>>> print(open('protein15.pdb').read())   # PDB, C-alpha atoms
MODEL        1
ATOM      1  CA  MET A 218     -49.163 -13.743 -27.435  1.00  0.00           C
ATOM      2  CA  ARG A 219     -50.972 -13.167 -24.186  1.00  0.00           C
ATOM      3  CA  ALA A 220     -49.958 -14.316 -20.725  1.00  0.00           C
ATOM      4  CA  GLU A 221     -51.948 -17.287 -19.442  1.00  0.00           C
ATOM      5  CA  VAL A 222     -51.819 -18.757 -15.959  1.00  0.00           C
ATOM      6  CA  GLY A 223     -50.271 -22.225 -16.066  1.00  0.00           C
ATOM      7  CA  GLN A 224     -48.280 -21.427 -19.209  1.00  0.00           C
ATOM      8  CA  PRO A 225     -44.707 -20.103 -19.576  1.00  0.00           C
ATOM      9  CA  ALA A 226     -44.667 -16.338 -18.957  1.00  0.00           C
ATOM     10  CA  PRO A 227     -43.654 -14.117 -21.893  1.00  0.00           C
ATOM     11  CA  ASP A 228     -40.005 -13.087 -21.515  1.00  0.00           C
ATOM     12  CA  PHE A 229     -38.848  -9.474 -21.577  1.00  0.00           C
ATOM     13  CA  ARG A 230     -35.543  -7.646 -21.482  1.00  0.00           C
ATOM     14  CA  LEU A 231     -35.783  -4.037 -20.299  1.00  0.00           C
ATOM     15  CA  ALA A 232     -33.532  -1.210 -19.098  1.00  0.00           C
ATOM     16  CA  ALA A 233     -33.889  -0.685 -15.352  1.00  0.00           C
ATOM     17  CA  THR A 234     -32.888   1.613 -12.530  1.00  0.00           C
ATOM     18  CA  GLY A 235     -29.336   1.087 -11.309  1.00  0.00           C
ATOM     19  CA  GLY A 236     -28.022   1.087 -14.887  1.00  0.00           C
ATOM     20  CA  LYS A 237     -28.956  -2.559 -15.378  1.00  0.00           C
ATOM     21  CA  GLU A 238     -30.753  -4.418 -18.112  1.00  0.00           C
ATOM     22  CA  ILE A 239     -33.090  -7.010 -16.648  1.00  0.00           C
ATOM     23  CA  ARG A 240     -34.372 -10.112 -18.381  1.00  0.00           C
ATOM     24  CA  LEU A 241     -37.177 -12.127 -16.811  1.00  0.00           C
ATOM     25  CA  ALA A 242     -35.482 -15.389 -17.833  1.00  0.00           C
ATOM     26  CA  ASP A 243     -32.420 -14.395 -15.747  1.00  0.00           C
ATOM     27  CA  TYR A 244     -34.374 -15.443 -12.639  1.00  0.00           C
ATOM     28  CA  ARG A 245     -35.175 -18.914 -13.962  1.00  0.00           C
ATOM     29  CA  GLY A 246     -34.078 -21.559 -11.474  1.00  0.00           C
ATOM     30  CA  ARG A 247     -33.242 -18.865  -8.887  1.00  0.00           C
ATOM     31  CA  ASN A 248     -36.262 -16.788  -7.840  1.00  0.00           C
ATOM     32  CA  HIS A 249     -39.973 -16.453  -8.232  1.00  0.00           C
ATOM     33  CA  VAL A 250     -40.730 -13.051  -9.739  1.00  0.00           C
ATOM     34  CA  VAL A 251     -43.501 -10.607  -8.827  1.00  0.00           C
ATOM     35  CA  VAL A 252     -44.020  -8.528 -11.973  1.00  0.00           C
ATOM     36  CA  ALA A 253     -45.903  -5.369 -10.977  1.00  0.00           C
ATOM     37  CA  PHE A 254     -47.110  -3.222 -13.875  1.00  0.00           C
ATOM     38  CA  TYR A 255     -48.321   0.271 -12.970  1.00  0.00           C
ATOM     39  CA  PRO A 256     -49.650   3.150 -15.098  1.00  0.00           C
ATOM     40  CA  LEU A 257     -47.051   5.865 -14.526  1.00  0.00           C
ATOM     41  CA  ASP A 258     -44.450   7.076 -12.047  1.00  0.00           C
ATOM     42  CA  TRP A 259     -46.005   9.562  -9.606  1.00  0.00           C
ATOM     43  CA  THR A 260     -49.446   7.994 -10.040  1.00  0.00           C
ATOM     44  CA  PRO A 261     -51.505   7.999  -6.829  1.00  0.00           C
ATOM     45  CA  THR A 262     -50.564   5.340  -4.233  1.00  0.00           C
TER      46      THR A 262
ATOM     47  CA  MET B 272     -44.764   0.898  -5.541  1.00  0.00           C
ATOM     48  CA  PRO B 273     -44.353   1.886  -1.926  1.00  0.00           C
ATOM     49  CA  SER B 274     -46.823  -0.788  -0.684  1.00  0.00           C
ATOM     50  CA  LEU B 275     -44.661  -3.588  -2.108  1.00  0.00           C
ATOM     51  CA  ASN B 276     -41.438  -1.938  -0.981  1.00  0.00           C
ATOM     52  CA  ALA B 277     -42.640  -1.912   2.628  1.00  0.00           C
ATOM     53  CA  ARG B 278     -42.903  -5.725   2.538  1.00  0.00           C
ATOM     54  CA  LEU B 279     -39.771  -6.389   0.497  1.00  0.00           C
ATOM     55  CA  ALA B 280     -38.098  -8.489   3.209  1.00  0.00           C
ATOM     56  CA  ASP B 281     -41.162 -10.769   3.251  1.00  0.00           C
ATOM     57  CA  PHE B 282     -41.077 -11.158  -0.529  1.00  0.00           C
ATOM     58  CA  GLU B 283     -37.383 -12.001  -0.358  1.00  0.00           C
ATOM     59  CA  GLY B 284     -38.163 -14.491   2.437  1.00  0.00           C
ATOM     60  CA  CYS B 285     -40.450 -16.270  -0.042  1.00  0.00           C
ATOM     61  CA  GLY B 286     -37.614 -16.437  -2.574  1.00  0.00           C
ATOM     62  CA  ALA B 287     -39.259 -13.775  -4.741  1.00  0.00           C
ATOM     63  CA  GLN B 288     -37.766 -10.883  -6.680  1.00  0.00           C
ATOM     64  CA  VAL B 289     -40.067  -7.870  -7.134  1.00  0.00           C
ATOM     65  CA  LEU B 290     -39.896  -5.963 -10.436  1.00  0.00           C
ATOM     66  CA  GLY B 291     -41.866  -2.767 -11.085  1.00  0.00           C
ATOM     67  CA  ILE B 292     -42.664  -1.925 -14.722  1.00  0.00           C
ATOM     68  CA  SER B 293     -44.187   1.135 -16.341  1.00  0.00           C
ATOM     69  CA  VAL B 294     -43.737   2.858 -19.693  1.00  0.00           C
ATOM     70  CA  ASP B 295     -41.691   5.663 -18.101  1.00  0.00           C
ATOM     71  CA  SER B 296     -38.019   6.185 -18.977  1.00  0.00           C
ATOM     72  CA  VAL B 297     -35.204   5.073 -16.662  1.00  0.00           C
ATOM     73  CA  PRO B 298     -34.334   8.707 -15.687  1.00  0.00           C
ATOM     74  CA  CYS B 299     -37.995   9.226 -14.750  1.00  0.00           C
ATOM     75  CA  HIS B 300     -37.935   6.003 -12.694  1.00  0.00           C
ATOM     76  CA  GLU B 301     -34.745   7.124 -10.933  1.00  0.00           C
ATOM     77  CA  ALA B 302     -36.297  10.481 -10.035  1.00  0.00           C
ATOM     78  CA  TRP B 303     -39.498   8.881  -8.746  1.00  0.00           C
ATOM     79  CA  ALA B 304     -37.607   6.290  -6.688  1.00  0.00           C
ATOM     80  CA  LYS B 305     -35.512   9.109  -5.199  1.00  0.00           C
ATOM     81  CA  SER B 306     -38.660  11.092  -4.333  1.00  0.00           C
ATOM     82  CA  LEU B 307     -39.919   8.034  -2.413  1.00  0.00           C
ATOM     83  CA  GLY B 308     -36.688   7.858  -0.422  1.00  0.00           C
ATOM     84  CA  GLY B 309     -35.365   4.975  -2.505  1.00  0.00           C
ATOM     85  CA  LEU B 310     -36.831   1.625  -3.541  1.00  0.00           C
ATOM     86  CA  GLY B 311     -35.319  -1.761  -2.708  1.00  0.00           C
ATOM     87  CA  TYR B 312     -36.320  -3.308  -6.031  1.00  0.00           C
ATOM     88  CA  PRO B 313     -35.673  -2.245  -9.635  1.00  0.00           C
ATOM     89  CA  LEU B 314     -38.064  -0.305 -11.862  1.00  0.00           C
ATOM     90  CA  LEU B 315     -38.032  -1.370 -15.505  1.00  0.00           C
ATOM     91  CA  SER B 316     -38.723   0.869 -18.471  1.00  0.00           C
ATOM     92  CA  ASP B 317     -41.230  -0.618 -20.938  1.00  0.00           C
ATOM     93  CA  ILE B 318     -40.874   2.385 -23.196  1.00  0.00           C
ATOM     94  CA  HIS B 319     -41.749   0.412 -26.362  1.00  0.00           C
ATOM     95  CA  ARG B 320     -44.806  -1.170 -24.664  1.00  0.00           C
ATOM     96  CA  ARG B 321     -43.631  -4.663 -25.625  1.00  0.00           C
ATOM     97  CA  ALA B 322     -43.809  -6.195 -22.143  1.00  0.00           C
ATOM     98  CA  CYS B 323     -47.256  -4.822 -21.280  1.00  0.00           C
ATOM     99  CA  GLN B 324     -48.526  -5.956 -24.680  1.00  0.00           C
ATOM    100  CA  ALA B 325     -47.049  -9.440 -24.194  1.00  0.00           C
ATOM    101  CA  PHE B 326     -48.765  -9.705 -20.806  1.00  0.00           C
ATOM    102  CA  GLY B 327     -52.037  -8.384 -22.232  1.00  0.00           C
ATOM    103  CA  VAL B 328     -52.201  -5.291 -20.012  1.00  0.00           C
ATOM    104  CA  HIS B 329     -51.518  -2.498 -22.506  1.00  0.00           C
ATOM    105  CA  ASP B 330     -54.226   0.171 -22.450  1.00  0.00           C
ATOM    106  CA  PRO B 331     -54.285   1.398 -26.064  1.00  0.00           C
ATOM    107  CA  GLU B 332     -56.405   4.428 -25.262  1.00  0.00           C
ATOM    108  CA  ARG B 333     -53.908   5.894 -22.799  1.00  0.00           C
ATOM    109  CA  ASN B 334     -50.899   4.025 -24.260  1.00  0.00           C
ATOM    110  CA  ILE B 335     -49.767   2.905 -20.800  1.00  0.00           C
ATOM    111  CA  ALA B 336     -49.841  -0.310 -18.763  1.00  0.00           C
ATOM    112  CA  ARG B 337     -52.904  -1.181 -16.709  1.00  0.00           C
ATOM    113  CA  ARG B 338     -52.084  -1.692 -13.047  1.00  0.00           C
ATOM    114  CA  SER B 339     -51.662  -5.451 -12.756  1.00  0.00           C
ATOM    115  CA  THR B 340     -49.549  -8.041 -10.977  1.00  0.00           C
ATOM    116  CA  PHE B 341     -48.169 -11.365 -12.195  1.00  0.00           C
ATOM    117  CA  ILE B 342     -46.342 -14.063 -10.263  1.00  0.00           C
ATOM    118  CA  VAL B 343     -43.892 -16.122 -12.297  1.00  0.00           C
ATOM    119  CA  ASP B 344     -42.398 -19.157 -10.556  1.00  0.00           C
ATOM    120  CA  ARG B 345     -38.788 -20.362 -10.656  1.00  0.00           C
ATOM    121  CA  GLU B 346     -39.568 -22.514 -13.682  1.00  0.00           C
ATOM    122  CA  GLY B 347     -40.771 -19.468 -15.607  1.00  0.00           C
ATOM    123  CA  ILE B 348     -44.424 -20.538 -15.398  1.00  0.00           C
ATOM    124  CA  LEU B 349     -47.055 -17.863 -14.827  1.00  0.00           C
ATOM    125  CA  ARG B 350     -48.861 -18.796 -11.608  1.00  0.00           C
ATOM    126  CA  PHE B 351     -51.027 -15.765 -10.844  1.00  0.00           C
ATOM    127  CA  ALA B 352     -52.422 -12.766 -12.722  1.00  0.00           C
ATOM    128  CA  GLU B 353     -54.512  -9.875 -11.451  1.00  0.00           C
ATOM    129  CA  THR B 354     -55.534  -6.539 -12.963  1.00  0.00           C
ATOM    130  CA  TYR B 355     -56.873  -3.732 -10.786  1.00  0.00           C
ATOM    131  CA  PRO B 356     -59.542  -1.080 -11.260  1.00  0.00           C
ATOM    132  CA  PRO B 357     -58.462   2.579 -10.961  1.00  0.00           C
ATOM    133  CA  ARG B 358     -57.101   3.634  -7.553  1.00  0.00           C
ATOM    134  CA  VAL B 359     -56.722   0.028  -6.373  1.00  0.00           C
ATOM    135  CA  THR B 360     -53.198  -1.200  -5.671  1.00  0.00           C
ATOM    136  CA  PRO B 361     -51.845  -4.737  -5.166  1.00  0.00           C
ATOM    137  CA  ASP B 362     -52.427  -6.302  -1.749  1.00  0.00           C
ATOM    138  CA  PRO B 363     -48.982  -7.472  -0.540  1.00  0.00           C
ATOM    139  CA  GLU B 364     -50.600  -9.928   1.901  1.00  0.00           C
ATOM    140  CA  LYS B 365     -52.483 -11.704  -0.855  1.00  0.00           C
ATOM    141  CA  LEU B 366     -49.364 -11.922  -3.050  1.00  0.00           C
ATOM    142  CA  LEU B 367     -47.294 -13.261  -0.141  1.00  0.00           C
ATOM    143  CA  GLY B 368     -49.964 -15.902   0.530  1.00  0.00           C
ATOM    144  CA  ILE B 369     -49.722 -17.120  -3.060  1.00  0.00           C
ATOM    145  CA  LEU B 370     -45.917 -17.149  -2.912  1.00  0.00           C
ATOM    146  CA  ARG B 371     -45.969 -19.120   0.346  1.00  0.00           C
ATOM    147  CA  ALA B 372     -48.283 -21.661  -1.264  1.00  0.00           C
ATOM    148  CA  ILE B 373     -45.917 -22.015  -4.232  1.00  0.00           C
ATOM    149  CA  GLU B 374     -42.846 -22.052  -1.995  1.00  0.00           C
ATOM    150  CA  GLY B 375     -44.317 -24.220   0.803  1.00  0.00           C
ATOM    151  CA  PRO B 376     -42.668 -27.531   1.758  1.00  0.00           C
ATOM    152  CA  THR B 377     -45.275 -29.562  -0.082  1.00  0.00           C
ATOM    153  CA  GLY B 378     -45.843 -27.021  -2.830  1.00  0.00           C
ATOM    154  CA  LEU B 379     -49.524 -26.755  -1.942  1.00  0.00           C
ATOM    155  CA  LEU B 380     -50.587 -24.909  -5.073  1.00  0.00           C
ATOM    156  CA  ALA B 381     -48.538 -27.120  -7.396  1.00  0.00           C
ATOM    157  CA  GLY B 382     -49.933 -30.185  -5.630  1.00  0.00           C
ATOM    158  CA  ALA B 383     -53.479 -28.960  -6.103  1.00  0.00           C
ATOM    159  CA  LEU B 384     -52.873 -28.294  -9.780  1.00  0.00           C
ATOM    160  CA  ARG B 385     -51.324 -31.712 -10.297  1.00  0.00           C
ATOM    161  CA  PHE B 386     -53.897 -33.639  -8.257  1.00  0.00           C
ATOM    162  CA  PRO B 387     -54.907 -36.594 -10.423  1.00  0.00           C
ATOM    163  CA  SER B 388     -58.541 -36.872 -11.437  1.00  0.00           C
ATOM    164  CA  PRO B 389     -60.337 -39.955 -10.054  1.00  0.00           C
TER     165      PRO B 389
ENDMDL
END
>>> encode(input="protein15.pdb", output="C-alpha coordinates")
Amino acid sequence: MRAEVGQPAPDFRLAATGGKEIRLADYRGRNHVVVAFYPLDWTPT
Amino acid sequence: MPSLNARLADFEGCGAQVLGISVDSVPCHEAWAKSLGGLGYPLLSDIHRRACQAFGVHDPERNIARRSTFIVDREGILRFAETYPPRVTPDPEKLLGILRAIEGPTGLLAGALRFPSP
(Lines of atoms letter the chains of each structure in order from A and count residues from 1; the text may use other names and numbers.)
(Lines give C-alpha, C1' and ligand atoms only; values in the text may rest on other atoms or scores of the structure.)
Protein backbone atom coordinates (compact mmCIF):
# COMPACT_ATOMS: atom_id res chain seq x y z
CA MET A 1 0.00 0.00 0.00
CA ARG A 2 1.01 3.58 -0.55
CA ALA A 3 0.41 6.54 1.74
CA GLU A 4 -2.38 8.84 0.58
CA VAL A 5 -3.32 12.19 2.07
CA GLY A 6 -6.73 11.97 3.73
CA GLN A 7 -6.36 8.24 4.38
CA PRO A 8 -5.03 6.41 7.47
CA ALA A 9 -1.21 6.48 7.44
CA PRO A 10 0.57 3.11 7.15
CA ASP A 11 1.73 1.98 10.60
CA PHE A 12 5.32 1.03 11.38
CA ARG A 13 7.22 -0.34 14.35
CA LEU A 14 10.96 0.37 14.28
CA ALA A 15 13.98 0.28 16.60
CA ALA A 16 15.04 3.79 17.58
CA THR A 17 17.76 5.72 19.36
CA GLY A 18 17.50 5.60 23.14
CA GLY A 19 17.00 1.83 23.07
CA LYS A 20 13.30 2.19 22.30
CA GLU A 21 11.02 0.58 19.78
CA ILE A 22 8.62 3.12 18.33
CA ARG A 23 5.26 2.40 16.75
CA LEU A 24 3.44 5.14 14.86
CA ALA A 25 0.10 4.00 16.31
CA ASP A 26 1.46 4.66 19.84
CA TYR A 27 0.84 8.38 19.23
CA ARG A 28 -2.80 7.90 18.27
CA GLY A 29 -5.02 10.13 20.39
CA ARG A 30 -1.96 11.85 21.90
CA ASN A 31 0.18 13.66 19.31
CA HIS A 32 0.37 14.63 15.70
CA VAL A 33 3.49 13.08 14.19
CA VAL A 34 5.98 14.63 11.76
CA VAL A 35 7.56 11.66 9.98
CA ALA A 36 10.79 12.86 8.36
CA PHE A 37 12.45 10.36 6.02
CA TYR A 38 16.01 11.19 4.96
CA PRO A 39 18.52 9.35 2.74
CA LEU A 40 21.34 8.57 5.16
CA ASP A 41 22.97 9.73 8.38
CA TRP A 42 25.75 12.23 7.63
CA THR A 43 24.06 13.30 4.40
CA PRO A 44 24.49 17.02 3.65
CA THR A 45 22.27 19.40 5.66
CA MET B 1 17.81 16.63 10.91
CA PRO B 2 19.34 19.68 12.53
CA SER B 3 16.82 22.08 10.88
CA LEU B 4 13.89 20.33 12.59
CA ASN B 5 15.76 19.97 15.87
CA ALA B 6 16.29 23.73 16.05
CA ARG B 7 12.50 24.24 16.07
CA LEU B 8 11.62 21.29 18.29
CA ALA B 9 9.98 23.44 20.98
CA ASP B 10 7.66 24.90 18.32
CA PHE B 11 6.72 21.44 17.06
CA GLU B 12 5.99 20.34 20.62
CA GLY B 13 3.93 23.53 21.09
CA CYS B 14 1.75 22.32 18.21
CA GLY B 15 1.28 18.96 19.94
CA ALA B 16 3.55 17.23 17.42
CA GLN B 17 6.16 14.52 17.89
CA VAL B 18 9.02 14.57 15.36
CA LEU B 19 10.42 11.22 14.18
CA GLY B 20 13.44 10.93 11.87
CA ILE B 21 13.71 7.77 9.75
CA SER B 22 16.46 6.45 7.52
CA VAL B 23 17.68 2.98 6.59
CA ASP B 24 20.74 3.32 8.86
CA SER B 25 21.21 1.09 11.91
CA VAL B 26 20.51 2.33 15.45
CA PRO B 27 24.27 2.43 16.34
CA CYS B 28 24.84 4.58 13.24
CA HIS B 29 21.96 6.87 14.28
CA GLU B 30 23.40 7.17 17.80
CA ALA B 31 26.82 8.13 16.43
CA TRP B 32 25.35 10.71 14.04
CA ALA B 33 23.14 12.24 16.74
CA LYS B 34 26.19 12.47 19.01
CA SER B 35 28.21 14.17 16.25
CA LEU B 36 25.44 16.80 16.01
CA GLY B 37 25.64 17.46 19.74
CA GLY B 38 22.51 15.43 20.44
CA LEU B 39 19.01 15.45 18.95
CA GLY B 40 15.82 16.10 20.91
CA TYR B 41 13.77 13.61 18.90
CA PRO B 42 14.31 9.91 18.11
CA LEU B 43 15.84 8.50 14.94
CA LEU B 44 14.25 5.27 13.73
CA SER B 45 16.01 2.51 11.84
CA ASP B 46 14.12 1.35 8.73
CA ILE B 47 16.76 -1.24 8.02
CA HIS B 48 14.32 -3.58 6.21
CA ARG B 49 12.94 -0.68 4.10
CA ARG B 50 9.37 -1.55 5.11
CA ALA B 51 8.37 1.92 6.32
CA CYS B 52 9.77 3.81 3.33
CA GLN B 53 8.12 1.29 1.00
CA ALA B 54 4.78 1.65 2.81
CA PHE B 55 4.98 5.43 2.47
CA GLY B 56 6.00 5.16 -1.19
CA VAL B 57 9.39 6.86 -0.77
CA HIS B 58 11.79 3.95 -1.25
CA ASP B 59 14.38 4.66 -3.95
CA PRO B 60 15.06 1.20 -5.40
CA GLU B 61 18.12 2.33 -7.31
CA ARG B 62 19.99 3.48 -4.21
CA ASN B 63 18.00 1.27 -1.80
CA ILE B 64 17.43 4.18 0.59
CA ALA B 65 14.55 6.50 1.50
CA ARG B 66 13.92 9.63 -0.54
CA ARG B 67 13.98 12.76 1.59
CA SER B 68 10.31 13.36 2.37
CA THR B 69 8.06 14.55 5.17
CA PHE B 70 4.63 13.35 6.26
CA ILE B 71 2.29 14.80 8.86
CA VAL B 72 0.01 12.29 10.56
CA ASP B 73 -2.70 13.74 12.81
CA ARG B 74 -3.83 12.47 16.22
CA GLU B 75 -6.42 10.25 14.56
CA GLY B 76 -3.72 8.53 12.51
CA ILE B 77 -4.83 10.21 9.28
CA LEU B 78 -2.16 11.36 6.84
CA ARG B 79 -2.65 15.11 6.39
CA PHE B 80 0.41 16.22 4.43
CA ALA B 81 3.07 14.62 2.23
CA GLU B 82 6.07 16.18 0.53
CA THR B 83 9.12 14.74 -1.22
CA TYR B 84 12.19 16.88 -1.89
CA PRO B 85 14.68 17.08 -4.74
CA PRO B 86 18.36 16.48 -3.90
CA ARG B 87 19.94 18.98 -1.49
CA VAL B 88 16.56 20.39 -0.43
CA THR B 89 15.53 19.90 3.19
CA PRO B 90 12.14 20.32 4.89
CA ASP B 91 11.08 23.88 5.71
CA PRO B 92 10.18 23.87 9.44
CA GLU B 93 8.08 27.04 9.00
CA LYS B 94 5.87 25.42 6.39
CA LEU B 95 5.40 22.28 8.51
CA LEU B 96 4.56 24.37 11.58
CA GLY B 97 1.98 26.31 9.55
CA ILE B 98 0.25 23.08 8.56
CA LEU B 99 0.33 21.81 12.15
CA ARG B 100 -1.13 25.08 13.43
CA ALA B 101 -3.94 24.78 10.89
CA ILE B 102 -4.67 21.22 12.04
CA GLU B 103 -4.31 22.15 15.71
CA GLY B 104 -6.07 25.55 15.52
CA PRO B 105 -9.17 26.25 17.65
CA THR B 106 -11.51 25.78 14.71
CA GLY B 107 -9.41 23.13 13.00
CA LEU B 108 -9.10 25.28 9.88
CA LEU B 109 -7.76 22.55 7.62
CA ALA B 110 -10.25 19.94 8.85
CA GLY B 111 -13.05 22.48 8.42
CA ALA B 112 -11.99 23.19 4.86
CA LEU B 113 -11.86 19.50 4.05
CA ARG B 114 -15.28 18.89 5.55
CA PHE B 115 -16.94 21.97 4.05
CA PRO B 116 -20.21 20.73 2.55
CA SER B 117 -20.71 21.18 -1.17
CA PRO B 118 -23.60 23.51 -2.11
>>> interface_residues(input="protein15.pdb", of="chain A", to="chain B", cutoff="7 Å", atoms="all atoms listed in the file", output="CSV table (one decimal) with C-alpha atoms, in the frame of the given file")
chain,number,residue,atom,x,y,z
A,218,MET,CA,-49.2,-13.7,-27.4
A,219,ARG,CA,-51.0,-13.2,-24.2
A,220,ALA,CA,-50.0,-14.3,-20.7
A,221,GLU,CA,-51.9,-17.3,-19.4
A,222,VAL,CA,-51.8,-18.8,-16.0
A,223,GLY,CA,-50.3,-22.2,-16.1
A,224,GLN,CA,-48.3,-21.4,-19.2
A,225,PRO,CA,-44.7,-20.1,-19.6
A,226,ALA,CA,-44.7,-16.3,-19.0
A,227,PRO,CA,-43.7,-14.1,-21.9
A,229,PHE,CA,-38.8,-9.5,-21.6
A,231,LEU,CA,-35.8,-4.0,-20.3
A,232,ALA,CA,-33.5,-1.2,-19.1
A,233,ALA,CA,-33.9,-0.7,-15.4
A,234,THR,CA,-32.9,1.6,-12.5
A,244,TYR,CA,-34.4,-15.4,-12.6
A,245,ARG,CA,-35.2,-18.9,-14.0
A,246,GLY,CA,-34.1,-21.6,-11.5
A,247,ARG,CA,-33.2,-18.9,-8.9
A,248,ASN,CA,-36.3,-16.8,-7.8
A,249,HIS,CA,-40.0,-16.5,-8.2
A,250,VAL,CA,-40.7,-13.1,-9.7
A,251,VAL,CA,-43.5,-10.6,-8.8
A,252,VAL,CA,-44.0,-8.5,-12.0
A,253,ALA,CA,-45.9,-5.4,-11.0
A,254,PHE,CA,-47.1,-3.2,-13.9
A,255,TYR,CA,-48.3,0.3,-13.0
A,256,PRO,CA,-49.6,3.2,-15.1
A,257,LEU,CA,-47.1,5.9,-14.5
A,258,ASP,CA,-44.4,7.1,-12.0
A,259,TRP,CA,-46.0,9.6,-9.6
>>> axis_aligned_box(input="protein15.pdb", around="region 313-317 of chain B", padding_each_side="5 Å", output="AutoDock Vina command-line options")
--center_x -38.5 --center_y -0.7 --center_z -15.3 --size_x 15.6 --size_y 13.1 --size_z 21.3
>>> atom_distance(input="protein15.pdb", atom1="CA of Glu238 (chain A)", atom2="CA of Ala280 (chain B)")
22.9 Å
>>> atom_distance(input="protein15.pdb", atom1="CA of Glu364 (chain B)", atom2="CA of Ala277 (chain B)")
11.3 Å
>>> atom_distance(input="protein15.pdb", atom1="CA of Glu332 (chain B)", atom2="CA of Leu241 (chain A)")
26.7 Å
>>> closest_residue(input="protein15.pdb", among="B:Gly284, B:Gly309, B:Pro356, B:Pro363", to="Gly235 (chain A)", atoms="all atoms listed in the file")
B:Gly309
>>> build_atoms(input="protein15.pdb", residues="region 237-258 of chain A", atoms="N, CA and C atoms", output="PDB file, in the frame of the given file")
ATOM      1  N   LYS A 237     -28.967  -1.149 -14.970  1.00  0.00           N
ATOM      2  CA  LYS A 237     -28.956  -2.559 -15.378  1.00  0.00           C
ATOM      3  C   LYS A 237     -29.927  -2.792 -16.525  1.00  0.00           C
ATOM      4  N   GLU A 238     -29.742  -3.927 -17.183  1.00  0.00           N
ATOM      5  CA  GLU A 238     -30.753  -4.418 -18.112  1.00  0.00           C
ATOM      6  C   GLU A 238     -31.240  -5.721 -17.500  1.00  0.00           C
ATOM      7  N   ILE A 239     -32.550  -5.854 -17.359  1.00  0.00           N
ATOM      8  CA  ILE A 239     -33.090  -7.010 -16.648  1.00  0.00           C
ATOM      9  C   ILE A 239     -33.924  -7.852 -17.597  1.00  0.00           C
ATOM     10  N   ARG A 240     -33.620  -9.158 -17.571  1.00  0.00           N
ATOM     11  CA  ARG A 240     -34.372 -10.112 -18.381  1.00  0.00           C
ATOM     12  C   ARG A 240     -35.112 -11.037 -17.437  1.00  0.00           C
ATOM     13  N   LEU A 241     -36.385 -11.256 -17.693  1.00  0.00           N
ATOM     14  CA  LEU A 241     -37.177 -12.127 -16.811  1.00  0.00           C
ATOM     15  C   LEU A 241     -36.530 -13.506 -16.693  1.00  0.00           C
ATOM     16  N   ALA A 242     -36.058 -14.032 -17.819  1.00  0.00           N
ATOM     17  CA  ALA A 242     -35.482 -15.389 -17.833  1.00  0.00           C
ATOM     18  C   ALA A 242     -34.229 -15.505 -16.962  1.00  0.00           C
ATOM     19  N   ASP A 243     -33.609 -14.363 -16.618  1.00  0.00           N
ATOM     20  CA  ASP A 243     -32.420 -14.395 -15.747  1.00  0.00           C
ATOM     21  C   ASP A 243     -32.737 -14.985 -14.376  1.00  0.00           C
ATOM     22  N   TYR A 244     -33.994 -14.957 -13.967  1.00  0.00           N
ATOM     23  CA  TYR A 244     -34.374 -15.443 -12.639  1.00  0.00           C
ATOM     24  C   TYR A 244     -34.747 -16.926 -12.649  1.00  0.00           C
ATOM     25  N   ARG A 245     -34.783 -17.505 -13.843  1.00  0.00           N
ATOM     26  CA  ARG A 245     -35.175 -18.914 -13.962  1.00  0.00           C
ATOM     27  C   ARG A 245     -34.262 -19.793 -13.116  1.00  0.00           C
ATOM     28  N   GLY A 246     -34.866 -20.667 -12.321  1.00  0.00           N
ATOM     29  CA  GLY A 246     -34.078 -21.559 -11.474  1.00  0.00           C
ATOM     30  C   GLY A 246     -33.562 -20.903 -10.204  1.00  0.00           C
ATOM     31  N   ARG A 247     -33.782 -19.585 -10.050  1.00  0.00           N
ATOM     32  CA  ARG A 247     -33.242 -18.865  -8.887  1.00  0.00           C
ATOM     33  C   ARG A 247     -34.334 -18.265  -8.009  1.00  0.00           C
ATOM     34  N   ASN A 248     -35.241 -17.517  -8.616  1.00  0.00           N
ATOM     35  CA  ASN A 248     -36.262 -16.788  -7.840  1.00  0.00           C
ATOM     36  C   ASN A 248     -37.622 -16.880  -8.511  1.00  0.00           C
ATOM     37  N   HIS A 249     -38.664 -16.816  -7.703  1.00  0.00           N
ATOM     38  CA  HIS A 249     -39.973 -16.453  -8.232  1.00  0.00           C
ATOM     39  C   HIS A 249     -39.902 -14.954  -8.535  1.00  0.00           C
ATOM     40  N   VAL A 250     -40.752 -14.474  -9.411  1.00  0.00           N
ATOM     41  CA  VAL A 250     -40.730 -13.051  -9.739  1.00  0.00           C
ATOM     42  C   VAL A 250     -42.140 -12.475  -9.622  1.00  0.00           C
ATOM     43  N   VAL A 251     -42.258 -11.374  -8.887  1.00  0.00           N
ATOM     44  CA  VAL A 251     -43.501 -10.607  -8.827  1.00  0.00           C
ATOM     45  C   VAL A 251     -43.347  -9.469  -9.830  1.00  0.00           C
ATOM     46  N   VAL A 252     -44.097  -9.543 -10.925  1.00  0.00           N
ATOM     47  CA  VAL A 252     -44.020  -8.528 -11.973  1.00  0.00           C
ATOM     48  C   VAL A 252     -45.184  -7.570 -11.753  1.00  0.00           C
ATOM     49  N   ALA A 253     -44.863  -6.343 -11.337  1.00  0.00           N
ATOM     50  CA  ALA A 253     -45.903  -5.369 -10.977  1.00  0.00           C
ATOM     51  C   ALA A 253     -45.943  -4.236 -12.008  1.00  0.00           C
ATOM     52  N   PHE A 254     -46.904  -4.315 -12.910  1.00  0.00           N
ATOM     53  CA  PHE A 254     -47.110  -3.222 -13.875  1.00  0.00           C
ATOM     54  C   PHE A 254     -47.903  -2.108 -13.196  1.00  0.00           C
ATOM     55  N   TYR A 255     -47.549  -0.854 -13.499  1.00  0.00           N
ATOM     56  CA  TYR A 255     -48.321   0.271 -12.970  1.00  0.00           C
ATOM     57  C   TYR A 255     -48.381   1.356 -14.043  1.00  0.00           C
ATOM     58  N   PRO A 256     -49.398   2.223 -13.971  1.00  0.00           N
ATOM     59  CA  PRO A 256     -49.650   3.150 -15.098  1.00  0.00           C
ATOM     60  C   PRO A 256     -48.500   4.126 -15.349  1.00  0.00           C
ATOM     61  N   LEU A 257     -48.099   4.858 -14.347  1.00  0.00           N
ATOM     62  CA  LEU A 257     -47.051   5.865 -14.526  1.00  0.00           C
ATOM     63  C   LEU A 257     -46.376   6.159 -13.196  1.00  0.00           C
ATOM     64  N   ASP A 258     -45.104   6.564 -13.249  1.00  0.00           N
ATOM     65  CA  ASP A 258     -44.450   7.076 -12.047  1.00  0.00           C
ATOM     66  C   ASP A 258     -45.271   8.261 -11.527  1.00  0.00           C
TER      67      ASP A 258
END
